[in-house]
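Below you'll find the structure, written out as structure tokens, and then a few comments.
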Amino acid sequence: MDRSEIEAFIEKFYAARVEGDIEALGESFAGNARFQIAGSPEFSMLAALAEGHEAVMGLMRTIADTIAFEDFAILDRVIDGSKAAIRWRATVHLVTSGQSYTTELADFLELEGGKLVSCTEFLDTALAG
């Protein structure tokens with residue numbers, strides 16, 4: 001993929017995340033994909049690791065069912081070959097508790113063959129309580 005293809009992929013991927021579009025997200029991940037919310041599971045219920053398409057999609061469904069995003073914006077993006085670093089901001093609504101907060105996140109993506117093979121997400125895990 002060239003830079004413009006990666007940029008288009010990023011726009012489509014984040015649009016699907018914001019909309020909770022599970023079908024589009026499923027098309028974004030490779031069969032051997034890995035999605036990690038960085039953190040220590042001993043201290044935060046948000047820290048998670050999913051490996052393989054089925055596990056990643058299970059995590060994506062859980063996120064879509066429990067979190068709604070508003071006021072989404074990509075603040076920075078750095079693309080280097082098949083890797084990208086994305087800093088983004090959104091207002092996050094926790095469906096289960098009704099709480100809302102605005103926060104920034106950082107994702108580190110790796111693509112192969114037009115699909116995501118790795119996404120490591122850094123967020124404020126303390127917000128989960």
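Numbering starts fresh at 1 for the residues of each chain in the structure tokens, the chains themselves are lettered A, B, ... in the order given, and ligands are numbered from 1 as they appear.
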
Just the residues within 8 Å of A:Phe35, please, counting only C-alpha atoms, with nothing from its chain fewer than 3 positions along; format it as a list in words. Leu49, Ala50, Glu51, Val56, Ser118, Cys119, Thr120 and Glu121 of chain A

Selected residues written out, all heavy atoms, as an mmCIF file, in the first residue's frame:
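Contents of out13.cif, as written:
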data_model
loop_
_atom_site.group_PDB
_atom_site.id
_atom_site.type_symbol
_atom_site.label_atom_id
_atom_site.label_comp_id
_atom_site.auth_asym_id
_atom_site.auth_seq_id
_atom_site.Cartn_x
_atom_site.Cartn_y
_atom_site.Cartn_z
ATOM 1 N N LEU A 49 -6.187 -8.080 25.308
ATOM 2 C CA LEU A 49 -5.434 -8.552 24.147
ATOM 3 C C LEU A 49 -6.290 -9.577 23.433
ATOM 4 O O LEU A 49 -6.769 -10.535 24.048
ATOM 5 C CB LEU A 49 -4.104 -9.187 24.567
ATOM 6 C CG LEU A 49 -3.318 -9.886 23.454
ATOM 7 C CD1 LEU A 49 -2.926 -8.902 22.348
ATOM 8 C CD2 LEU A 49 -2.101 -10.578 24.027
ATOM 9 N N ALA A 50 -6.507 -9.351 22.144
ATOM 10 C CA ALA A 50 -7.246 -10.298 21.318
ATOM 11 C C ALA A 50 -6.360 -10.675 20.134
ATOM 12 O O ALA A 50 -5.802 -9.795 19.468
ATOM 13 C CB ALA A 50 -8.547 -9.678 20.830
ATOM 14 N N GLU A 51 -6.239 -11.965 19.889
ATOM 15 C CA GLU A 51 -5.416 -12.443 18.776
ATOM 16 C C GLU A 51 -6.249 -13.343 17.881
ATOM 17 O O GLU A 51 -6.954 -14.229 18.372
ATOM 18 C CB GLU A 51 -4.199 -13.187 19.302
ATOM 19 C CG GLU A 51 -3.274 -12.266 20.089
ATOM 20 C CD GLU A 51 -2.035 -12.965 20.596
ATOM 21 O OE1 GLU A 51 -2.180 -13.809 21.498
ATOM 22 O OE2 GLU A 51 -0.949 -12.666 20.070
ATOM 23 N N VAL A 56 -10.540 -10.764 17.849
ATOM 24 C CA VAL A 56 -10.529 -9.310 17.646
ATOM 25 C C VAL A 56 -11.950 -8.807 17.424
ATOM 26 O O VAL A 56 -12.372 -7.804 18.014
ATOM 27 C CB VAL A 56 -9.609 -8.921 16.464
ATOM 28 C CG1 VAL A 56 -9.810 -7.462 16.066
ATOM 29 C CG2 VAL A 56 -8.149 -9.177 16.815
ATOM 30 N N SER A 118 -2.031 -5.557 13.147
ATOM 31 C CA SER A 118 -1.769 -5.213 14.543
ATOM 32 C C SER A 118 -2.281 -3.814 14.841
ATOM 33 O O SER A 118 -2.076 -2.884 14.057
ATOM 34 C CB SER A 118 -0.265 -5.286 14.822
ATOM 35 O OG SER A 118 0.008 -4.906 16.155
ATOM 36 N N CYS A 119 -2.956 -3.693 15.981
ATOM 37 C CA CYS A 119 -3.353 -2.397 16.509
ATOM 38 C C CYS A 119 -3.138 -2.441 18.011
ATOM 39 O O CYS A 119 -3.722 -3.277 18.707
ATOM 40 C CB CYS A 119 -4.818 -2.081 16.196
ATOM 41 S SG CYS A 119 -5.369 -0.503 16.905
ATOM 42 N N THR A 120 -2.274 -1.569 18.494
ATOM 43 C CA THR A 120 -2.067 -1.413 19.930
ATOM 44 C C THR A 120 -2.579 -0.035 20.297
ATOM 45 O O THR A 120 -2.135 0.968 19.730
ATOM 46 C CB THR A 120 -0.585 -1.564 20.307
ATOM 47 O OG1 THR A 120 -0.121 -2.845 19.879
ATOM 48 C CG2 THR A 120 -0.394 -1.432 21.812
ATOM 49 N N GLU A 121 -3.532 -0.002 21.224
ATOM 50 C CA GLU A 121 -4.189 1.241 21.597
ATOM 51 C C GLU A 121 -3.792 1.630 23.015
ATOM 52 O O GLU A 121 -3.836 0.803 23.922
ATOM 53 C CB GLU A 121 -5.706 1.061 21.501
ATOM 54 C CG GLU A 121 -6.491 2.324 21.722
ATOM 55 C CD GLU A 121 -7.918 2.174 21.238
ATOM 56 O OE1 GLU A 121 -8.157 2.388 20.036
ATOM 57 O OE2 GLU A 121 -8.776 1.827 22.070
#

Enumerate the residues of stretch 4-113 of chain A with a DSSP assignment of strand (DSSP E or B), computed from the backbone, and present them as number ranges by chain. A: 29-37, 48-51, 67-80, 83-94, 100-112

Keeping only N, CA and C atoms, take the residues you just selected and write them out as a short mmCIF file (atom, residue, chain, number, x, y, z; two decimals), in the first residue's frame.
data_model
loop_
_atom_site.label_atom_id
_atom_site.label_comp_id
_atom_site.auth_asym_id
_atom_site.auth_seq_id
_atom_site.Cartn_x
_atom_site.Cartn_y
_atom_site.Cartn_z
N PHE A 29 -9.69 -6.03 9.41
CA PHE A 29 -8.69 -6.86 10.11
C PHE A 29 -8.32 -8.10 9.32
N ALA A 30 -7.04 -8.43 9.33
CA ALA A 30 -6.53 -9.66 8.71
C ALA A 30 -6.92 -10.86 9.57
N GLY A 31 -6.83 -12.04 9.00
CA GLY A 31 -7.17 -13.26 9.73
C GLY A 31 -6.31 -13.48 10.96
N ASN A 32 -5.07 -13.04 10.89
CA ASN A 32 -4.13 -13.22 12.01
C ASN A 32 -3.96 -11.95 12.83
N ALA A 33 -4.97 -11.08 12.80
CA ALA A 33 -4.88 -9.77 13.45
C ALA A 33 -4.71 -9.88 14.96
N ARG A 34 -4.16 -8.80 15.49
CA ARG A 34 -3.94 -8.67 16.93
C ARG A 34 -4.40 -7.27 17.32
N PHE A 35 -5.25 -7.18 18.36
CA PHE A 35 -5.71 -5.89 18.87
C PHE A 35 -5.46 -5.87 20.37
N GLN A 36 -4.74 -4.86 20.82
CA GLN A 36 -4.42 -4.77 22.23
C GLN A 36 -4.77 -3.39 22.76
N ILE A 37 -5.44 -3.37 23.90
CA ILE A 37 -5.59 -2.13 24.67
C ILE A 37 -4.53 -2.25 25.75
N ALA A 48 -6.70 -5.26 27.49
CA ALA A 48 -7.15 -6.47 26.81
C ALA A 48 -6.21 -6.81 25.67
N LEU A 49 -6.19 -8.08 25.31
CA LEU A 49 -5.43 -8.55 24.15
C LEU A 49 -6.29 -9.58 23.43
N ALA A 50 -6.51 -9.35 22.14
CA ALA A 50 -7.25 -10.30 21.32
C ALA A 50 -6.36 -10.68 20.13
N GLU A 51 -6.24 -11.96 19.89
CA GLU A 51 -5.42 -12.44 18.78
C GLU A 51 -6.25 -13.34 17.88
N ILE A 67 -19.56 1.31 24.34
CA ILE A 67 -18.98 2.65 24.21
C ILE A 67 -19.52 3.32 22.95
N ALA A 68 -19.90 4.58 23.08
CA ALA A 68 -20.29 5.39 21.94
C ALA A 68 -19.32 6.57 21.85
N PHE A 69 -18.89 6.89 20.64
CA PHE A 69 -17.96 7.99 20.42
C PHE A 69 -18.68 9.18 19.78
N GLU A 70 -18.35 10.38 20.23
CA GLU A 70 -18.80 11.62 19.62
C GLU A 70 -17.62 12.57 19.52
N ASP A 71 -17.77 13.59 18.72
CA ASP A 71 -16.75 14.64 18.56
C ASP A 71 -15.39 14.04 18.26
N PHE A 72 -15.37 13.01 17.42
CA PHE A 72 -14.14 12.32 17.06
C PHE A 72 -13.27 13.20 16.16
N ALA A 73 -11.97 13.20 16.42
CA ALA A 73 -11.02 13.92 15.56
C ALA A 73 -9.67 13.24 15.61
N ILE A 74 -9.08 13.06 14.44
CA ILE A 74 -7.69 12.62 14.39
C ILE A 74 -6.83 13.87 14.55
N LEU A 75 -5.98 13.87 15.57
CA LEU A 75 -5.15 15.02 15.88
C LEU A 75 -3.81 14.97 15.17
N ASP A 76 -3.22 13.78 15.11
CA ASP A 76 -1.93 13.59 14.46
C ASP A 76 -1.89 12.22 13.83
N ARG A 77 -1.16 12.11 12.73
CA ARG A 77 -0.90 10.80 12.13
C ARG A 77 0.51 10.82 11.57
N VAL A 78 1.21 9.75 11.83
CA VAL A 78 2.54 9.57 11.28
C VAL A 78 2.52 8.22 10.57
N ILE A 79 2.91 8.23 9.30
CA ILE A 79 2.92 7.00 8.52
C ILE A 79 4.35 6.74 8.09
N ASP A 80 4.80 5.51 8.37
CA ASP A 80 6.15 5.10 8.01
C ASP A 80 6.06 3.71 7.40
N LYS A 83 3.39 1.06 8.62
CA LYS A 83 3.01 1.35 10.01
C LYS A 83 2.50 2.78 10.13
N ALA A 84 1.60 2.97 11.10
CA ALA A 84 1.06 4.31 11.33
C ALA A 84 0.84 4.51 12.82
N ALA A 85 1.07 5.73 13.27
CA ALA A 85 0.77 6.13 14.64
C ALA A 85 -0.32 7.20 14.54
N ILE A 86 -1.40 7.00 15.27
CA ILE A 86 -2.55 7.89 15.21
C ILE A 86 -2.86 8.40 16.61
N ARG A 87 -2.89 9.72 16.77
CA ARG A 87 -3.35 10.32 18.03
C ARG A 87 -4.72 10.91 17.74
N TRP A 88 -5.72 10.50 18.55
CA TRP A 88 -7.08 10.95 18.31
C TRP A 88 -7.77 11.35 19.60
N ARG A 89 -8.86 12.11 19.44
CA ARG A 89 -9.63 12.58 20.59
C ARG A 89 -11.10 12.31 20.31
N ALA A 90 -11.83 11.99 21.37
CA ALA A 90 -13.27 11.77 21.24
C ALA A 90 -13.93 11.98 22.59
N THR A 91 -15.20 12.28 22.54
CA THR A 91 -16.02 12.21 23.73
C THR A 91 -16.56 10.79 23.78
N VAL A 92 -16.30 10.13 24.88
CA VAL A 92 -16.64 8.72 25.05
C VAL A 92 -17.83 8.63 26.00
N HIS A 93 -18.85 7.91 25.56
CA HIS A 93 -20.03 7.67 26.40
C HIS A 93 -20.03 6.20 26.79
N LEU A 94 -20.00 5.93 28.08
CA LEU A 94 -20.07 4.56 28.56
C LEU A 94 -21.55 4.19 28.68
N SER A 100 -19.78 10.14 30.68
CA SER A 100 -19.15 10.65 29.47
C SER A 100 -17.88 11.40 29.85
N TYR A 101 -16.90 11.34 28.98
CA TYR A 101 -15.68 12.10 29.18
C TYR A 101 -15.00 12.29 27.83
N THR A 102 -14.22 13.36 27.74
CA THR A 102 -13.43 13.61 26.54
C THR A 102 -12.00 13.22 26.86
N THR A 103 -11.39 12.48 25.94
CA THR A 103 -10.06 11.98 26.19
C THR A 103 -9.29 11.85 24.88
N GLU A 104 -7.99 11.68 24.99
CA GLU A 104 -7.14 11.41 23.84
C GLU A 104 -6.63 9.99 23.92
N LEU A 105 -6.44 9.39 22.76
CA LEU A 105 -5.94 8.03 22.64
C LEU A 105 -4.84 8.02 21.59
N ALA A 106 -4.02 6.99 21.63
CA ALA A 106 -2.98 6.80 20.61
C ALA A 106 -3.01 5.35 20.17
N ASP A 107 -3.02 5.16 18.87
CA ASP A 107 -3.03 3.82 18.28
C ASP A 107 -1.80 3.66 17.41
N PHE A 108 -1.23 2.46 17.48
CA PHE A 108 -0.10 2.10 16.63
C PHE A 108 -0.57 0.95 15.75
N LEU A 109 -0.63 1.21 14.44
CA LEU A 109 -1.19 0.27 13.48
C LEU A 109 -0.11 -0.32 12.60
N GLU A 110 -0.31 -1.57 12.18
CA GLU A 110 0.55 -2.20 11.18
C GLU A 110 -0.35 -2.90 10.18
N LEU A 111 -0.09 -2.64 8.90
CA LEU A 111 -0.91 -3.19 7.83
C LEU A 111 -0.10 -4.14 6.96
N GLU A 112 -0.79 -5.15 6.45
CA GLU A 112 -0.22 -6.06 5.46
C GLU A 112 -1.32 -6.41 4.48
#

Atomic separation - atom CA of A:Thr125 relative to atom CA of A:Leu46, Å: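 We find that atom CA of A:Leu46 and atom CA of A:Thr125 lie 6.0 Å from each other.
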
What parts of chain A does DSSP call helix (DSSP H, G or I)? I'd like the answer as a PyMOL selection string. chain A and resi 3-19+22-28+53-66+125-128

For atom CA of A:Arg17 and atom CA of A:Ser82, the interatomic separation in Å (one decimal):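 The value is 20.3 Å.
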
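Minimum atom-to-atom distance to A:Val117, evaluated using only C-alpha atoms, belongs to A:Gly52 out of A:Ser4, A:Gly52, A:Ala24, A:Leu59.
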
One number please: atom CA of A:Gly58 to atom CA of A:Gln99, in Å, one decimal.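 Going from atom CA of A:Gly58 over to atom CA of A:Gln99 covers 23.1 Å.
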
Find the residue from A:Lys12, A:Leu127, A:Ile6, A:Ile22 that sits nearest to A:Phe43; use only C-alpha atoms when measuring.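 Of the candidates, the smallest distance to A:Phe43 is held by A:Leu127.
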
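If you measure from each of A:Glu11, A:Glu23, A:Glu5, A:Asp124 to A:Ala64 using only C-alpha atoms, the closest one turns out to be A:Glu23.
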